[in-house]
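Below: input.pdb (PDB, C-alpha atoms and all ligand atoms)
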```pdb
ATOM      1  CA  MET A   1     -63.169 -78.629  26.544
ATOM      2  CA  SER A   2     -61.716 -75.950  28.767
ATOM      3  CA  ASP A   3     -59.305 -76.724  31.596
ATOM      4  CA  GLY A   4     -59.342 -73.059  32.648
ATOM      5  CA  ASN A   5     -56.338 -70.878  31.954
ATOM      6  CA  LEU A   6     -52.740 -70.275  32.949
ATOM      7  CA  VAL A   7     -51.321 -67.117  34.494
ATOM      8  CA  LEU A   8     -47.837 -66.507  33.094
ATOM      9  CA  PRO A   9     -45.321 -63.670  33.064
ATOM     10  CA  ARG A  10     -45.281 -61.979  29.649
ATOM     11  CA  SER A  11     -41.547 -62.745  29.448
ATOM     12  CA  PHE A  12     -42.631 -66.346  28.782
ATOM     13  CA  ALA A  13     -43.428 -65.297  25.206
ATOM     14  CA  PHE A  14     -39.744 -64.535  24.553
ATOM     15  CA  ARG A  15     -36.384 -65.311  26.026
ATOM     16  CA  GLU A  16     -35.490 -62.618  28.569
ATOM     17  CA  THR A  17     -35.329 -59.320  26.616
ATOM     18  CA  PRO A  18     -38.259 -58.747  24.232
ATOM     19  CA  PRO A  19     -37.122 -58.250  20.618
ATOM     20  CA  ASP A  20     -37.812 -54.873  18.941
ATOM     21  CA  GLY A  21     -41.488 -54.528  18.180
ATOM     22  CA  ALA A  22     -42.560 -57.244  20.607
ATOM     23  CA  ASN A  23     -44.464 -54.895  22.884
ATOM     24  CA  ASP A  24     -46.348 -53.444  19.913
ATOM     25  CA  ILE A  25     -47.441 -56.900  18.805
ATOM     26  CA  LEU A  26     -48.602 -57.850  22.294
ATOM     27  CA  ALA A  27     -50.455 -54.545  22.670
ATOM     28  CA  ARG A  28     -52.340 -55.221  19.435
ATOM     29  CA  TYR A  29     -53.581 -58.442  21.047
ATOM     30  CA  GLY A  30     -54.615 -56.601  24.196
ATOM     31  CA  ILE A  31     -51.659 -57.734  26.316
ATOM     32  CA  THR A  32     -50.299 -54.674  28.088
ATOM     33  CA  SER A  33     -49.732 -55.906  31.650
ATOM     34  CA  ASP A  34     -46.950 -58.090  33.032
ATOM     35  CA  THR A  35     -49.038 -61.233  32.901
ATOM     36  CA  MET A  36     -50.710 -63.303  30.206
ATOM     37  CA  THR A  37     -53.684 -65.609  30.834
ATOM     38  CA  PRO A  38     -53.743 -68.142  27.979
ATOM     39  CA  ASP A  39     -56.636 -70.586  27.737
ATOM     40  CA  CYS A  40     -56.095 -74.321  28.139
ATOM     41  CA  ASN A  41     -58.067 -76.381  25.594
ATOM     42  CA  ILE A  42     -58.420 -80.128  25.814
ATOM     43  CA  THR A  43     -59.587 -81.907  22.682
ATOM     44  CA  LEU A  44     -62.271 -84.573  23.019
ATOM     45  CA  LEU A  45     -62.747 -86.933  20.073
ATOM     46  CA  ARG A  46     -65.747 -89.256  20.016
ATOM     47  CA  ASP A  47     -65.607 -91.831  17.259
ATOM     48  CA  GLY A  48     -67.917 -94.829  17.487
ATOM     49  CA  ASP A  49     -66.706 -96.928  20.396
ATOM     50  CA  ARG A  50     -63.842 -94.665  21.316
ATOM     51  CA  THR A  51     -63.846 -91.554  23.488
ATOM     52  CA  ILE A  52     -60.402 -90.005  23.239
ATOM     53  CA  LEU A  53     -58.844 -87.176  25.236
ATOM     54  CA  PHE A  54     -55.832 -85.281  23.920
ATOM     55  CA  ASP A  55     -54.020 -84.233  27.114
ATOM     56  CA  VAL A  56     -55.744 -84.176  30.485
ATOM     57  CA  GLY A  57     -55.079 -80.711  31.884
ATOM     58  CA  ALA A  58     -53.318 -79.549  35.014
ATOM     59  CA  GLY A  59     -55.225 -81.213  37.850
ATOM     60  CA  GLN A  60     -55.361 -79.599  41.279
ATOM     61  CA  GLU A  61     -51.660 -79.218  42.058
ATOM     62  CA  PHE A  62     -50.362 -76.807  39.399
ATOM     63  CA  MET A  63     -52.181 -73.458  39.551
ATOM     64  CA  PRO A  64     -55.607 -72.441  40.850
ATOM     65  CA  SER A  65     -56.784 -70.972  37.528
ATOM     66  CA  ALA A  66     -56.319 -74.333  35.747
ATOM     67  CA  GLY A  67     -57.494 -77.887  36.414
ATOM     68  CA  LYS A  68     -61.148 -77.223  35.553
ATOM     69  CA  LEU A  69     -61.644 -80.157  33.192
ATOM     70  CA  MET A  70     -64.188 -81.908  35.425
ATOM     71  CA  ASP A  71     -66.527 -78.912  35.070
ATOM     72  CA  ALA A  72     -66.493 -79.519  31.312
ATOM     73  CA  PHE A  73     -67.142 -83.234  31.914
ATOM     74  CA  ASP A  74     -70.191 -82.329  34.022
ATOM     75  CA  THR A  75     -71.535 -80.010  31.328
ATOM     76  CA  LEU A  76     -71.241 -82.785  28.725
ATOM     77  CA  GLU A  77     -72.520 -85.428  31.190
ATOM     78  CA  LEU A  78     -69.310 -87.303  30.539
ATOM     79  CA  ASP A  79     -67.855 -89.684  33.119
ATOM     80  CA  VAL A  80     -64.169 -90.437  33.655
ATOM     81  CA  SER A  81     -64.965 -94.110  32.986
ATOM     82  CA  ASP A  82     -66.181 -93.171  29.474
ATOM     83  CA  ILE A  83     -62.636 -92.296  28.386
ATOM     84  CA  THR A  84     -61.153 -95.171  26.383
ATOM     85  CA  ASP A  85     -57.924 -93.458  25.328
ATOM     86  CA  VAL A  86     -55.742 -90.586  26.490
ATOM     87  CA  VAL A  87     -53.195 -89.222  24.011
ATOM     88  CA  PHE A  88     -50.463 -86.875  25.238
ATOM     89  CA  THR A  89     -48.793 -84.145  23.189
ATOM     90  CA  HIS A  90     -46.118 -83.789  25.872
ATOM     91  CA  ALA A  91     -45.514 -84.161  29.602
ATOM     92  CA  HIS A  92     -45.677 -80.570  30.879
ATOM     93  CA  PRO A  93     -47.765 -79.936  34.020
ATOM     94  CA  ASP A  94     -50.705 -78.211  32.293
ATOM     95  CA  HIS A  95     -51.076 -81.207  29.933
ATOM     96  CA  LEU A  96     -50.219 -84.159  32.180
ATOM     97  CA  TRP A  97     -50.736 -83.469  35.866
ATOM     98  CA  GLY A  98     -54.507 -83.970  35.702
ATOM     99  CA  VAL A  99     -53.874 -87.660  35.118
ATOM    100  CA  ARG A 100     -53.653 -88.221  38.895
ATOM    101  CA  ASP A 101     -56.705 -87.719  41.121
ATOM    102  CA  ASP A 102     -56.784 -86.356  44.698
ATOM    103  CA  PHE A 103     -56.095 -89.830  46.088
ATOM    104  CA  GLY A 104     -52.999 -90.438  43.964
ATOM    105  CA  ASP A 105     -54.810 -92.835  41.618
ATOM    106  CA  LEU A 106     -55.337 -92.587  37.891
ATOM    107  CA  MET A 107     -58.126 -90.179  36.954
ATOM    108  CA  PHE A 108     -59.151 -92.313  33.956
ATOM    109  CA  PRO A 109     -58.691 -95.841  35.282
ATOM    110  CA  ASP A 110     -60.024 -97.715  32.249
ATOM    111  CA  ALA A 111     -58.149 -95.765  29.567
ATOM    112  CA  THR A 112     -55.224 -96.794  27.443
ATOM    113  CA  TYR A 113     -52.617 -94.032  27.528
ATOM    114  CA  HIS A 114     -50.496 -93.036  24.521
ATOM    115  CA  MET A 115     -47.281 -91.010  24.450
ATOM    116  CA  GLY A 116     -44.444 -90.537  21.977
ATOM    117  CA  GLN A 117     -41.480 -92.769  22.779
ATOM    118  CA  ALA A 118     -38.952 -89.896  22.865
ATOM    119  CA  GLU A 119     -41.117 -87.858  25.248
ATOM    120  CA  TRP A 120     -41.603 -90.833  27.561
ATOM    121  CA  ASP A 121     -37.886 -91.695  27.505
ATOM    122  CA  TYR A 122     -36.881 -88.133  28.365
ATOM    123  CA  TRP A 123     -39.193 -87.639  31.349
ATOM    124  CA  THR A 124     -38.700 -91.148  32.792
ATOM    125  CA  ASP A 125     -34.907 -90.873  32.575
ATOM    126  CA  PRO A 126     -33.633 -90.589  36.182
ATOM    127  CA  ASP A 127     -30.957 -88.118  34.973
ATOM    128  CA  THR A 128     -33.487 -85.581  33.655
ATOM    129  CA  VAL A 129     -34.176 -84.000  37.045
ATOM    130  CA  SER A 130     -30.483 -83.132  37.453
ATOM    131  CA  THR A 131     -29.798 -82.064  33.845
ATOM    132  CA  ILE A 132     -32.897 -79.964  33.113
ATOM    133  CA  ASP A 133     -32.571 -76.213  33.713
ATOM    134  CA  GLU A 134     -33.421 -75.005  37.189
ATOM    135  CA  GLY A 135     -36.734 -73.394  36.296
ATOM    136  CA  ARG A 136     -38.106 -76.720  35.054
ATOM    137  CA  VAL A 137     -37.078 -79.076  37.888
ATOM    138  CA  THR A 138     -40.652 -79.202  39.228
ATOM    139  CA  PHE A 139     -41.803 -80.203  35.719
ATOM    140  CA  ALA A 140     -39.368 -83.126  35.766
ATOM    141  CA  VAL A 141     -40.298 -84.316  39.260
ATOM    142  CA  GLY A 142     -44.021 -83.947  38.530
ATOM    143  CA  ALA A 143     -43.751 -85.836  35.247
ATOM    144  CA  MET A 144     -41.780 -88.696  36.791
ATOM    145  CA  ASN A 145     -44.309 -89.097  39.634
ATOM    146  CA  ARG A 146     -47.217 -89.310  37.224
ATOM    147  CA  LEU A 147     -45.666 -91.333  34.404
ATOM    148  CA  GLU A 148     -44.756 -94.123  36.804
ATOM    149  CA  LEU A 149     -48.496 -94.578  37.434
ATOM    150  CA  LEU A 150     -48.984 -95.163  33.689
ATOM    151  CA  ALA A 151     -46.254 -97.716  33.136
ATOM    152  CA  ASP A 152     -48.702-100.653  32.763
ATOM    153  CA  GLN A 153     -51.191 -98.830  30.544
ATOM    154  CA  ILE A 154     -48.953 -96.894  28.177
ATOM    155  CA  ASN A 155     -48.682 -97.360  24.442
ATOM    156  CA  LEU A 156     -45.468 -95.756  23.187
ATOM    157  CA  PHE A 157     -45.241 -94.717  19.566
ATOM    158  CA  ALA A 158     -42.921 -93.143  17.007
ATOM    159  CA  ASP A 159     -43.344 -90.360  14.440
ATOM    160  CA  ASN A 160     -45.782 -90.929  11.540
ATOM    161  CA  GLN A 161     -47.744 -93.762  13.157
ATOM    162  CA  GLU A 162     -51.493 -94.304  13.016
ATOM    163  CA  ILE A 163     -51.809 -94.622  16.782
ATOM    164  CA  LEU A 164     -55.623 -94.911  16.738
ATOM    165  CA  PRO A 165     -57.923 -95.169  13.700
ATOM    166  CA  GLY A 166     -57.538 -91.880  11.779
ATOM    167  CA  VAL A 167     -55.084 -90.383  14.305
ATOM    168  CA  LEU A 168     -51.545 -89.895  12.959
ATOM    169  CA  SER A 169     -48.559 -88.845  15.063
ATOM    170  CA  ARG A 170     -46.437 -85.918  13.882
ATOM    171  CA  LEU A 171     -43.202 -85.312  15.761
ATOM    172  CA  THR A 172     -42.941 -81.569  16.524
ATOM    173  CA  PRO A 173     -39.994 -81.232  18.935
ATOM    174  CA  GLY A 174     -38.503 -78.159  20.602
ATOM    175  CA  HIS A 175     -41.148 -77.191  23.138
ATOM    176  CA  THR A 176     -40.138 -80.497  24.738
ATOM    177  CA  PRO A 177     -37.720 -83.111  23.368
ATOM    178  CA  GLY A 178     -40.454 -85.456  22.083
ATOM    179  CA  HIS A 179     -43.464 -83.172  21.605
ATOM    180  CA  MET A 180     -46.083 -84.695  19.273
ATOM    181  CA  SER A 181     -48.865 -83.148  17.210
ATOM    182  CA  PHE A 182     -51.700 -85.272  15.839
ATOM    183  CA  GLU A 183     -53.328 -85.159  12.450
ATOM    184  CA  VAL A 184     -56.888 -86.431  12.759
ATOM    185  CA  GLN A 185     -58.386 -87.593   9.459
ATOM    186  CA  MET A 186     -62.089 -88.317   9.506
ATOM    187  CA  GLY A 187     -64.902 -88.085   6.994
ATOM    188  CA  GLY A 188     -62.681 -86.532   4.324
ATOM    189  CA  GLU A 189     -61.560 -83.774   6.692
ATOM    190  CA  ALA A 190     -58.285 -83.281   8.487
ATOM    191  CA  VAL A 191     -57.431 -81.236  11.545
ATOM    192  CA  MET A 192     -54.062 -80.851  13.251
ATOM    193  CA  ILE A 193     -53.938 -80.923  17.040
ATOM    194  CA  VAL A 194     -50.766 -78.877  17.546
ATOM    195  CA  GLY A 195     -50.447 -78.941  21.346
ATOM    196  CA  ASP A 196     -47.806 -76.397  22.366
ATOM    197  CA  SER A 197     -45.776 -76.476  19.150
ATOM    198  CA  ILE A 198     -47.616 -73.195  18.355
ATOM    199  CA  VAL A 199     -48.039 -71.899  21.858
ATOM    200  CA  ASN A 200     -49.804 -68.538  21.474
ATOM    201  CA  HIS A 201     -51.850 -66.618  18.893
ATOM    202  CA  HIS A 202     -49.670 -63.493  18.816
ATOM    203  CA  VAL A 203     -45.882 -63.670  18.474
ATOM    204  CA  ALA A 204     -45.794 -67.389  17.637
ATOM    205  CA  PHE A 205     -47.802 -66.618  14.468
ATOM    206  CA  GLU A 206     -46.516 -63.159  13.578
ATOM    207  CA  LYS A 207     -42.857 -63.882  14.364
ATOM    208  CA  PRO A 208     -42.533 -67.670  14.360
ATOM    209  CA  ALA A 209     -38.740 -67.483  14.112
ATOM    210  CA  TRP A 210     -38.413 -65.579  17.386
ATOM    211  CA  LEU A 211     -37.123 -67.759  20.184
ATOM    212  CA  SER A 212     -39.730 -68.550  22.829
ATOM    213  CA  GLY A 213     -39.022 -68.744  26.552
ATOM    214  CA  SER A 214     -41.565 -71.538  26.787
ATOM    215  CA  ASP A 215     -39.568 -73.874  24.512
ATOM    216  CA  GLN A 216     -36.990 -76.078  26.159
ATOM    217  CA  ASP A 217     -34.924 -76.005  22.950
ATOM    218  CA  PRO A 218     -35.832 -72.583  21.517
ATOM    219  CA  GLU A 219     -33.960 -72.972  18.190
ATOM    220  CA  LEU A 220     -35.568 -76.339  17.466
ATOM    221  CA  GLY A 221     -38.932 -75.009  18.648
ATOM    222  CA  ALA A 222     -38.727 -72.117  16.161
ATOM    223  CA  GLN A 223     -37.744 -74.461  13.319
ATOM    224  CA  THR A 224     -40.685 -76.755  14.125
ATOM    225  CA  ARG A 225     -43.134 -73.837  14.389
ATOM    226  CA  LEU A 226     -42.065 -72.368  11.032
ATOM    227  CA  ALA A 227     -42.382 -75.703   9.248
ATOM    228  CA  LEU A 228     -45.762 -76.469  10.808
ATOM    229  CA  LEU A 229     -47.233 -73.030  10.057
ATOM    230  CA  ASP A 230     -45.958 -73.281   6.502
ATOM    231  CA  GLN A 231     -47.575 -76.693   6.098
ATOM    232  CA  LEU A 232     -50.895 -75.784   7.751
ATOM    233  CA  SER A 233     -51.326 -72.524   5.850
ATOM    234  CA  THR A 234     -50.373 -74.079   2.497
ATOM    235  CA  ALA A 235     -52.747 -77.013   3.006
ATOM    236  CA  GLN A 236     -55.403 -74.744   4.573
ATOM    237  CA  MET A 237     -55.761 -77.344   7.289
ATOM    238  CA  ARG A 238     -57.695 -76.500  10.417
ATOM    239  CA  LEU A 239     -55.841 -76.664  13.688
ATOM    240  CA  ILE A 240     -56.536 -76.916  17.388
ATOM    241  CA  GLY A 241     -54.007 -75.277  19.710
ATOM    242  CA  PHE A 242     -53.893 -75.998  23.419
ATOM    243  CA  HIS A 243     -53.344 -72.349  24.377
ATOM    244  CA  LEU A 244     -55.068 -70.557  21.475
ATOM    245  CA  PRO A 245     -58.336 -68.567  21.711
ATOM    246  CA  SER A 246     -61.644 -69.714  20.128
ATOM    247  CA  GLY A 247     -61.359 -72.944  22.084
ATOM    248  CA  GLY A 248     -58.164 -73.468  20.106
ATOM    249  CA  TRP A 249     -60.017 -73.950  16.794
ATOM    250  CA  GLY A 250     -58.960 -71.994  13.740
ATOM    251  CA  HIS A 251     -56.504 -71.872  10.888
ATOM    252  CA  ALA A 252     -53.230 -70.171   9.954
ATOM    253  CA  GLU A 253     -53.039 -67.592   7.185
ATOM    254  CA  ARG A 254     -49.881 -66.142   5.698
ATOM    255  CA  ARG A 255     -49.502 -62.423   6.428
ATOM    256  CA  GLY A 256     -46.328 -60.533   5.412
ATOM    257  CA  ASP A 257     -43.288 -62.503   6.539
ATOM    258  CA  GLY A 258     -45.320 -64.306   9.178
ATOM    259  CA  PHE A 259     -48.765 -65.722   9.826
ATOM    260  CA  VAL A 260     -51.991 -64.840  11.575
ATOM    261  CA  PHE A 261     -54.329 -67.062  13.593
ATOM    262  CA  VAL A 262     -57.914 -66.874  12.408
ATOM    263  CA  GLY A 263     -60.097 -68.357  15.102
ATOM    264  CA  ASP A 264     -63.281 -70.170  14.069
ATOM    265  CA  ASP A 265     -65.399 -67.775  16.148
ATOM    266  CA  ALA A 266     -63.513 -64.664  14.906
TER     267      ALA A 266
HETATM  268 ZN    ZN B   1     -49.052 -75.934  27.693
END
```
Render the structure in this file as structure tokens.
Ligand SMILES: [Zn+2]
Amino acid sequence: MSDGNLVLPRSFAFRETPPDGANDILARYGITSDTMTPDCNITLLRDGDRTILFDVGAGQEFMPSAGKLMDAFDTLELDVSDITDVVFTHAHPDHLWGVRDDFGDLMFPDATYHMGQAEWDYWTDPDTVSTIDEGRVTFAVGAMNRLELLADQINLFADNQEILPGVLSRLTPGHTPGHMSFEVQMGGEAVMIVGDSIVNHHVAFEKPAWLSGSDQDPELGAQTRLALLDQLSTAQMRLIGFHLPSGGWGHAERRGDGFVFVGDDA
């Protein structure tokens, strides 16, 4: 389901100065202006009695181009009370802030919420707001305000756990300290929900080792991205990326010393 899109400076794809060749790569993907407008894709999994959301989008307080999830609910004739479980990849605004409605209450009141223990511990630590870098202070304040609403309904989990039937947690840190991906195994098929561990379809695939300005720990983020792309391409496993085109659906193919994203509707 679409939550709309973000509007970001292109510098977000790198740290400060673009590496040699960066502009050529972006141009090949049609990005020639100073801004990028990546999609936001929320995964809905319906499995018997369970209706599971992976991340909830940005809500109304982050940016006007995002927070459109309720339009997708209307199209599918889905009600917020239908959601039994909400699983978070991480606690950034475009993934978490939609958890709170316009009245300050939980958007999905009947759901059980699930988040990796390390991610929860980081964003609920009162010291985070003073230790995080300046550009991310609003992320920390926004996460704290929302996570405190979830305290009674949260299931915290570790790496490599079956958190729901057929849904396995895969720790993929770097973008945030406790970022999680999820391997969904159903009917003999597997798909990896990668969240923001592979955050775009251009430089993150072609030059996975380049440090990304969107990763809180860029070195760890690059290490995670390389390992995940290696695994997904070797296993030929489908993936869903939160900010990738084709609704996020596709797979990774090895190309030269990097990879390429092949979207399902390509
Ligand atoms: Zn994101």
Q: Give the answer as one residue: which of A:Val56, A:Leu147, A:Ala72, A:Ala204 has the shortest atom-to-atom distance to Val87 (chain A), using all atoms listed in the file?
A: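 Looking only at the distances to Val87 (chain A), the closest residue turns out to be A:Val56.
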Q | Selection dump of the PyMOL selection byres (((chain A and resi 257) around 12) and not hetatm), as a VMD selection string | A | chain A and resid 205 to 209 226 229 to 230 253 to 256 258 to 260
Q: Might you pull out every residue within 10 Å of Ser33 (chain A), with all atoms listed in the file counted and same-chain residues fewer than 6 positions away left off, and present them as a PyMOL selection string?
A: chain A and resi 9-10+26-27
Q.
With only C-alpha atoms as the counted atoms, please give the residues lying no more than 8 Å from region 67-69 of chain A, apart from itself and same-chain residues fewer than 2 positions off, as a list in words.
A.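 Neighbouring residues, sequence-local ones excluded: Met1, Ser2, Asp3, Gly4, Val56, Gly57, Ala58, Gly59, Gln60, Phe62, Met63, Pro64, Ser65, Asp71, Ala72, Phe73, Asp94 and Gly98 of chain A.
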Within 8 Å of ligand ZN 1 (chain B): each chain A residue with its shortest pair, only C-alpha atoms and all ligand atoms, as a tab-separated table:
```
residue	atom	partner	partner_atom	distance
A:Cys40	CA	B:ZN1	ZN	7.2
A:His92	CA	B:ZN1	ZN	6.6
A:Pro93	CA	B:ZN1	ZN	7.6
A:Asp94	CA	B:ZN1	ZN	5.4
A:His95	CA	B:ZN1	ZN	6.1
A:Gly195	CA	B:ZN1	ZN	7.2
A:Asp196	CA	B:ZN1	ZN	5.5
A:Val199	CA	B:ZN1	ZN	7.2
A:Phe242	CA	B:ZN1	ZN	6.5
A:His243	CA	B:ZN1	ZN	6.5
```
Q) Quick one: residues within 10 Å of Asp121 (chain A), only C-alpha atoms counted, chain neighbours fewer than 6 positions away excluded, as number ranges by chain? A) A: 115, 128, 156, 177-178
For the selection you just gave me, I'd like the residues written to a file as a CSV table (one decimal), keeping the file's coordinate frame, keeping C-alpha atoms.
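again-v2.csv, written as the output of this step:
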```
chain,number,residue,atom,x,y,z
A,115,MET,CA,-47.3,-91.0,24.4
A,128,THR,CA,-33.5,-85.6,33.7
A,156,LEU,CA,-45.5,-95.8,23.2
A,177,PRO,CA,-37.7,-83.1,23.4
A,178,GLY,CA,-40.5,-85.5,22.1
```
Q: May I ask which of the residues A:Gly248, A:Pro173, A:Gly188, A:Gly241 is the closest one to Thr224 (chain A), counting all atoms listed in the file?
A: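 Nearest candidate to Thr224 (chain A) out of A:Gly248, A:Pro173, A:Gly188, A:Gly241: A:Pro173.
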Around all of region 153-172 of chain A's listed atoms, make the axis-aligned box with 4 Å on each side and tell me centre and edge lengths in Å to one decimal, as lines of an AutoDock Vina configuration file.
```
center_x = -50.4
center_y = -90.2
center_z = 21.0
size_x = 23.0
size_y = 25.3
size_z = 27.0
```
Q: Point out the residue among A:Gln153, A:Thr138, A:Ser169, A:Asn145 with the least atom-to-atom distance to Thr124 (chain A), counting all atoms listed in the file.
A: A:Asn145
**Q.** Among the residues A:Phe88, A:Phe14, A:Trp123, A:Phe108, the one that comes closest to Met180 (chain A) [using only C-alpha atoms]
**A.**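 Looking at the shortest contact to Met180 (chain A), the residue is A:Phe88.
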Q) Quick one: residues within 9 Å of Gly250 (chain A), all atoms listed in the file counted, chain neighbours fewer than 3 positions away excluded, as a ChimeraX atom specification? A) /A:237-241,244-247,261-266
Translate the PyMOL selection byres (((chain A and resi 74-86) around 7) and not hetatm) into a concrete residue list for this structure, as a tab-separated table (two decimals) with C-alpha atoms, in the frame of the given file.
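This went into selection.tsv:
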```
chain	number	residue	atom	x	y	z
A	50	ARG	CA	-63.84	-94.66	21.32
A	51	THR	CA	-63.85	-91.55	23.49
A	52	ILE	CA	-60.40	-90.00	23.24
A	53	LEU	CA	-58.84	-87.18	25.24
A	54	PHE	CA	-55.83	-85.28	23.92
A	55	ASP	CA	-54.02	-84.23	27.11
A	70	MET	CA	-64.19	-81.91	35.42
A	71	ASP	CA	-66.53	-78.91	35.07
A	72	ALA	CA	-66.49	-79.52	31.31
A	73	PHE	CA	-67.14	-83.23	31.91
A	87	VAL	CA	-53.20	-89.22	24.01
A	88	PHE	CA	-50.46	-86.88	25.24
A	107	MET	CA	-58.13	-90.18	36.95
A	108	PHE	CA	-59.15	-92.31	33.96
A	109	PRO	CA	-58.69	-95.84	35.28
A	110	ASP	CA	-60.02	-97.72	32.25
A	111	ALA	CA	-58.15	-95.76	29.57
A	112	THR	CA	-55.22	-96.79	27.44
A	113	TYR	CA	-52.62	-94.03	27.53
A	114	HIS	CA	-50.50	-93.04	24.52
```
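Nearest to Gly135 (chain A) of all the residues A:Pro38, A:Gln216, A:Leu168, A:Val194 is A:Gln216, based on all atoms listed in the file.
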Q: Tell me which protein, DNA and RNA residues are within 7 Å of Gln185 (chain A), counting only C-alpha atoms, leaving out same-chain ones fewer than 4 positions away, and put them as a PyMOL selection string.
A: chain A and resi 166-167+189-191
**Q.** Among the residues A:Ala140, A:Ile198, A:Leu164, A:Leu171, the one that comes closest to Ser214 (chain A) [using only C-alpha atoms]
**A.** A:Ile198
